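Read through the structure below, which is laid out as C-alpha cells, and then see the notes.
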Amino acid sequence: MTLKIIELSDRYMKFYVDGITPAIANALRRTLINDIPKLAIEKVTFRHGEIRDTEGNVYDSSLPLFDEVVAHRLAMIPLITDLKMNFRDQCSCGGKGCPLCTVTYSINKVGPAIVTSADLQPVDNPYLVPADKEIPIVKLGPKQGLLLTAQAIMGRGKDHAKWQVTSGVAYKYHREFIVDKLQYPDWVKAKESCPSCVLREDEKEIVFTDDYGFPWANRLFENRAVRIVEDDTRFIFQFETDGSLKAIDVLDYALRRLQERLNTLAESMSAPD
C-alpha cells in the first residue's frame, strides 16, 4: 500500500491510497467515522438555588432552557483530546473516574450574557479546552446565573454522535479522462485550466485526472468524445475533523486501529475450533 497526502490542515485532509481493495477502503472509511476515540461530556451536575457573585449580588439559577437541553448542548461541544487517556471501563480506577480517564469542567457565569463554549473551563488540565470558543449554549437574562460541573470521558462515534471526530468522510476511485483531441477541440482550454491534472499526452489523445481537483471534470463527464476509466485499486480520500484531534493524528490512529482489528479477525479465523 502507498499513501500520499495531497492536502493537509489541522482540520482537513485529502490523501491518495493505492494497492488496496474496495473492501479495505470502505473499512478505512468506517474506521474514520466510528472508531476514533475522543473526549465528550457524559455527566452534568447543575447547582440550583441562589448564586452569589464576589460582590454579594444574588442570581437565580433557573434557566430559560431545561437542564436536559443544556446538558445535551454541552455534550456536543468538541473538546481537545489526549489520545493517551484511558477509556473509563478499561481504567485502573475500576470505572470510578480518575485523572487518567476523566476530565472535569465547570461553568460559572451570571447574566445578562450568552454562555458560550469559551465559558466551559477544564478544572485539572488547562490544555483540554473546547476546540471552538464561540458555540452558544444558553442566553442568561438579568439576575440569572449558571453554575455547573461536568465530566468528560473517552468514547467512540459508534457509541454516540458526540464522540464522532470526523465528518464528510468520503472516497472515490482514481479516475482518468481520455480525450480525443480531434473530436474535442476544447481540450486546450481544459489543459490550461489545470496543467498538473494532465497525466500524459500524444498527438491524438490527452489524459486528465480529477484526483487533485479539475475544473473541467463536469464538462468532460457529459461529452461523448471523452472516455472515462476508473481504477478500483487506487483511491482519493478526504475528511474533516471537529477540532478535537488534528487530521494527521486521526489518520494515524485509524490506520493502526484498522490493522489491529484485521489482525484480530485473522487470528480468530486461524484459531482451532
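Chains: A, B, ... in order of the C-alpha cells. Residues: from 1 per chain. Ligands: from 1, in order shown.
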Leaving out segment 173-185 of chain A and any residue of its chain fewer than 3 positions from it, which residues lie within 7 Å of it when counting only C-alpha atoms, given as a ChimeraX atom specification? /A:188,204-211,225-232,234-236
Wanna dump the segment 110-155 of chain A-segment 93-101 of chain A contacts at 12 Å for me, each residue with its shortest atom pair and the distance in Å to one decimal, counting only C-alpha atoms, ordered by chain and number, as JSON lines?
{"residue": "A:Pro122", "atom": "CA", "partner": "A:Pro99", "partner_atom": "CA", "distance": 11.7}
{"residue": "A:Val123", "atom": "CA", "partner": "A:Pro99", "partner_atom": "CA", "distance": 10.6}
{"residue": "A:Asp124", "atom": "CA", "partner": "A:Pro99", "partner_atom": "CA", "distance": 8.0}
{"residue": "A:Asn125", "atom": "CA", "partner": "A:Pro99", "partner_atom": "CA", "distance": 9.0}
{"residue": "A:Gln151", "atom": "CA", "partner": "A:Gly97", "partner_atom": "CA", "distance": 9.0}
{"residue": "A:Ala152", "atom": "CA", "partner": "A:Cys101", "partner_atom": "CA", "distance": 8.5}
{"residue": "A:Ile153", "atom": "CA", "partner": "A:Cys101", "partner_atom": "CA", "distance": 6.2}
{"residue": "A:Met154", "atom": "CA", "partner": "A:Cys101", "partner_atom": "CA", "distance": 7.0}
{"residue": "A:Gly155", "atom": "CA", "partner": "A:Cys101", "partner_atom": "CA", "distance": 10.5}
Just list as a ChimeraX atom specification whatever in segment 18-239 of chain A DSSP marks as strand (DSSP E or B). /A:18,37-46,50-52,58-60,79,102-110,113-116,121-122,130,136-140,144-156,166-180,198-201,205-209,226-239
Write down as a PDB file with N, CA and C atoms, in the first residue's frame the residues belonging to segment 134-269 of chain A that are assigned helix (DSSP H, G or I) by DSSP computed on the backbone.
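For reference, selection28.pdb as written:
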ATOM      1  N   ALA A 161     -23.053  10.032  18.689  1.00  0.00           N
ATOM      2  CA  ALA A 161     -22.554  11.052  17.767  1.00  0.00           C
ATOM      3  C   ALA A 161     -21.653  12.069  18.455  1.00  0.00           C
ATOM      4  N   LYS A 162     -21.806  12.256  19.772  1.00  0.00           N
ATOM      5  CA  LYS A 162     -20.973  13.240  20.465  1.00  0.00           C
ATOM      6  C   LYS A 162     -19.503  12.813  20.493  1.00  0.00           C
ATOM      7  N   TRP A 163     -19.234  11.534  20.274  1.00  0.00           N
ATOM      8  CA  TRP A 163     -17.864  11.038  20.232  1.00  0.00           C
ATOM      9  C   TRP A 163     -17.342  10.872  18.802  1.00  0.00           C
ATOM     10  N   TRP A 187      -9.984  20.817 -25.608  1.00  0.00           N
ATOM     11  CA  TRP A 187      -9.009  20.186 -24.725  1.00  0.00           C
ATOM     12  C   TRP A 187      -7.890  21.153 -24.336  1.00  0.00           C
ATOM     13  N   VAL A 188      -7.630  22.135 -25.218  1.00  0.00           N
ATOM     14  CA  VAL A 188      -6.590  23.120 -24.917  1.00  0.00           C
ATOM     15  C   VAL A 188      -6.989  23.954 -23.696  1.00  0.00           C
ATOM     16  N   LYS A 189      -8.250  24.389 -23.662  1.00  0.00           N
ATOM     17  CA  LYS A 189      -8.728  25.164 -22.521  1.00  0.00           C
ATOM     18  C   LYS A 189      -8.726  24.315 -21.244  1.00  0.00           C
ATOM     19  N   ALA A 190      -9.100  23.041 -21.396  1.00  0.00           N
ATOM     20  CA  ALA A 190      -9.093  22.148 -20.239  1.00  0.00           C
ATOM     21  C   ALA A 190      -7.680  22.001 -19.673  1.00  0.00           C
ATOM     22  N   LYS A 191      -6.712  21.885 -20.564  1.00  0.00           N
ATOM     23  CA  LYS A 191      -5.321  21.750 -20.133  1.00  0.00           C
ATOM     24  C   LYS A 191      -4.830  23.030 -19.455  1.00  0.00           C
ATOM     25  N   GLU A 192      -5.214  24.182 -20.008  1.00  0.00           N
ATOM     26  CA  GLU A 192      -4.791  25.456 -19.426  1.00  0.00           C
ATOM     27  C   GLU A 192      -5.404  25.675 -18.049  1.00  0.00           C
ATOM     28  N   SER A 193      -6.592  25.129 -17.818  1.00  0.00           N
ATOM     29  CA  SER A 193      -7.262  25.322 -16.526  1.00  0.00           C
ATOM     30  C   SER A 193      -6.550  24.586 -15.405  1.00  0.00           C
ATOM     31  N   PRO A 195      -2.895  22.456 -15.621  1.00  0.00           N
ATOM     32  CA  PRO A 195      -1.802  21.694 -16.259  1.00  0.00           C
ATOM     33  C   PRO A 195      -1.345  20.496 -15.431  1.00  0.00           C
ATOM     34  N   SER A 196      -1.444  20.590 -14.097  1.00  0.00           N
ATOM     35  CA  SER A 196      -1.000  19.487 -13.245  1.00  0.00           C
ATOM     36  C   SER A 196      -1.947  18.291 -13.300  1.00  0.00           C
ATOM     37  N   CYS A 197      -3.137  18.477 -13.883  1.00  0.00           N
ATOM     38  CA  CYS A 197      -4.102  17.383 -13.995  1.00  0.00           C
ATOM     39  C   CYS A 197      -3.850  16.510 -15.221  1.00  0.00           C
ATOM     40  N   ALA A 217     -13.891  18.876 -15.039  1.00  0.00           N
ATOM     41  CA  ALA A 217     -14.347  17.499 -14.889  1.00  0.00           C
ATOM     42  C   ALA A 217     -15.821  17.341 -15.254  1.00  0.00           C
ATOM     43  N   ASN A 218     -16.679  18.239 -14.772  1.00  0.00           N
ATOM     44  CA  ASN A 218     -18.112  18.114 -15.043  1.00  0.00           C
ATOM     45  C   ASN A 218     -18.414  18.207 -16.534  1.00  0.00           C
ATOM     46  N   ARG A 219     -17.682  19.034 -17.247  1.00  0.00           N
ATOM     47  CA  ARG A 219     -17.914  19.158 -18.695  1.00  0.00           C
ATOM     48  C   ARG A 219     -17.483  17.892 -19.428  1.00  0.00           C
ATOM     49  N   LEU A 220     -16.381  17.304 -18.991  1.00  0.00           N
ATOM     50  CA  LEU A 220     -15.889  16.096 -19.662  1.00  0.00           C
ATOM     51  C   LEU A 220     -16.804  14.902 -19.410  1.00  0.00           C
ATOM     52  N   PHE A 221     -17.464  14.877 -18.257  1.00  0.00           N
ATOM     53  CA  PHE A 221     -18.392  13.790 -17.963  1.00  0.00           C
ATOM     54  C   PHE A 221     -19.489  13.700 -19.022  1.00  0.00           C
ATOM     55  N   ALA A 247      -6.120  16.365  12.010  1.00  0.00           N
ATOM     56  CA  ALA A 247      -6.431  15.412  10.950  1.00  0.00           C
ATOM     57  C   ALA A 247      -5.345  14.352  10.795  1.00  0.00           C
ATOM     58  N   ILE A 248      -4.072  14.750  10.914  1.00  0.00           N
ATOM     59  CA  ILE A 248      -2.989  13.790  10.742  1.00  0.00           C
ATOM     60  C   ILE A 248      -2.994  12.758  11.860  1.00  0.00           C
ATOM     61  N   ASP A 249      -3.377  13.164  13.085  1.00  0.00           N
ATOM     62  CA  ASP A 249      -3.462  12.222  14.201  1.00  0.00           C
ATOM     63  C   ASP A 249      -4.636  11.265  14.022  1.00  0.00           C
ATOM     64  N   VAL A 250      -5.719  11.763  13.436  1.00  0.00           N
ATOM     65  CA  VAL A 250      -6.879  10.908  13.167  1.00  0.00           C
ATOM     66  C   VAL A 250      -6.514   9.805  12.182  1.00  0.00           C
ATOM     67  N   LEU A 251      -5.837  10.173  11.096  1.00  0.00           N
ATOM     68  CA  LEU A 251      -5.450   9.175  10.098  1.00  0.00           C
ATOM     69  C   LEU A 251      -4.468   8.171  10.685  1.00  0.00           C
ATOM     70  N   ASP A 252      -3.497   8.649  11.443  1.00  0.00           N
ATOM     71  CA  ASP A 252      -2.516   7.753  12.058  1.00  0.00           C
ATOM     72  C   ASP A 252      -3.195   6.734  12.957  1.00  0.00           C
ATOM     73  N   TYR A 253      -4.131   7.202  13.783  1.00  0.00           N
ATOM     74  CA  TYR A 253      -4.834   6.282  14.678  1.00  0.00           C
ATOM     75  C   TYR A 253      -5.700   5.316  13.881  1.00  0.00           C
ATOM     76  N   ALA A 254      -6.381   5.819  12.842  1.00  0.00           N
ATOM     77  CA  ALA A 254      -7.281   4.973  12.053  1.00  0.00           C
ATOM     78  C   ALA A 254      -6.528   3.832  11.392  1.00  0.00           C
ATOM     79  N   LEU A 255      -5.335   4.115  10.856  1.00  0.00           N
ATOM     80  CA  LEU A 255      -4.548   3.069  10.191  1.00  0.00           C
ATOM     81  C   LEU A 255      -4.098   2.011  11.202  1.00  0.00           C
ATOM     82  N   ARG A 256      -3.663   2.457  12.382  1.00  0.00           N
ATOM     83  CA  ARG A 256      -3.233   1.496  13.402  1.00  0.00           C
ATOM     84  C   ARG A 256      -4.412   0.691  13.935  1.00  0.00           C
ATOM     85  N   ARG A 257      -5.541   1.359  14.094  1.00  0.00           N
ATOM     86  CA  ARG A 257      -6.744   0.686  14.590  1.00  0.00           C
ATOM     87  C   ARG A 257      -7.255  -0.343  13.580  1.00  0.00           C
ATOM     88  N   LEU A 258      -7.235  -0.003  12.294  1.00  0.00           N
ATOM     89  CA  LEU A 258      -7.694  -0.929  11.265  1.00  0.00           C
ATOM     90  C   LEU A 258      -6.791  -2.155  11.204  1.00  0.00           C
ATOM     91  N   GLN A 259      -5.486  -1.946  11.276  1.00  0.00           N
ATOM     92  CA  GLN A 259      -4.563  -3.076  11.277  1.00  0.00           C
ATOM     93  C   GLN A 259      -4.785  -3.970  12.494  1.00  0.00           C
ATOM     94  N   GLU A 260      -5.013  -3.354  13.627  1.00  0.00           N
ATOM     95  CA  GLU A 260      -5.268  -4.117  14.856  1.00  0.00           C
ATOM     96  C   GLU A 260      -6.512  -4.987  14.721  1.00  0.00           C
ATOM     97  N   ARG A 261      -7.563  -4.433  14.176  1.00  0.00           N
ATOM     98  CA  ARG A 261      -8.817  -5.190  14.047  1.00  0.00           C
ATOM     99  C   ARG A 261      -8.697  -6.290  13.002  1.00  0.00           C
ATOM    100  N   LEU A 262      -7.991  -6.009  11.911  1.00  0.00           N
ATOM    101  CA  LEU A 262      -7.796  -7.039  10.891  1.00  0.00           C
ATOM    102  C   LEU A 262      -6.940  -8.186  11.428  1.00  0.00           C
ATOM    103  N   ASN A 263      -5.927  -7.860  12.235  1.00  0.00           N
ATOM    104  CA  ASN A 263      -5.096  -8.904  12.845  1.00  0.00           C
ATOM    105  C   ASN A 263      -5.923  -9.767  13.797  1.00  0.00           C
ATOM    106  N   THR A 264      -6.803  -9.125  14.550  1.00  0.00           N
ATOM    107  CA  THR A 264      -7.675  -9.872  15.464  1.00  0.00           C
ATOM    108  C   THR A 264      -8.595 -10.809  14.700  1.00  0.00           C
ATOM    109  N   LEU A 265      -9.136 -10.303  13.578  1.00  0.00           N
ATOM    110  CA  LEU A 265     -10.005 -11.138  12.739  1.00  0.00           C
ATOM    111  C   LEU A 265      -9.237 -12.310  12.164  1.00  0.00           C
ATOM    112  N   ALA A 266      -8.007 -12.059  11.674  1.00  0.00           N
ATOM    113  CA  ALA A 266      -7.203 -13.132  11.102  1.00  0.00           C
ATOM    114  C   ALA A 266      -6.860 -14.183  12.145  1.00  0.00           C
ATOM    115  N   GLU A 267      -6.564 -13.765  13.355  1.00  0.00           N
ATOM    116  CA  GLU A 267      -6.248 -14.720  14.426  1.00  0.00           C
ATOM    117  C   GLU A 267      -7.456 -15.565  14.804  1.00  0.00           C
ATOM    118  N   SER A 268      -8.633 -14.942  14.826  1.00  0.00           N
ATOM    119  CA  SER A 268      -9.837 -15.698  15.182  1.00  0.00           C
ATOM    120  C   SER A 268     -10.196 -16.719  14.102  1.00  0.00           C
ATOM    121  N   MET A 269      -9.907 -16.379  12.840  1.00  0.00           N
ATOM    122  CA  MET A 269     -10.209 -17.299  11.754  1.00  0.00           C
ATOM    123  C   MET A 269      -9.231 -18.483  11.705  1.00  0.00           C
TER     124      MET A 269
END
What does the distance between atom CA of Lys143 of chain A and atom CA of Tyr59 of chain A come to in Å, to one decimal place? 4.6 Å
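Nearest to Val70 of chain A of all the residues A:Ala131, A:Ile24, A:Cys194, A:Val115 is A:Val115, based on only C-alpha atoms.
Distance-wise, atom CA of Asp132 of chain A and atom CA of Ser106 of chain A end up 16.3 Å apart.
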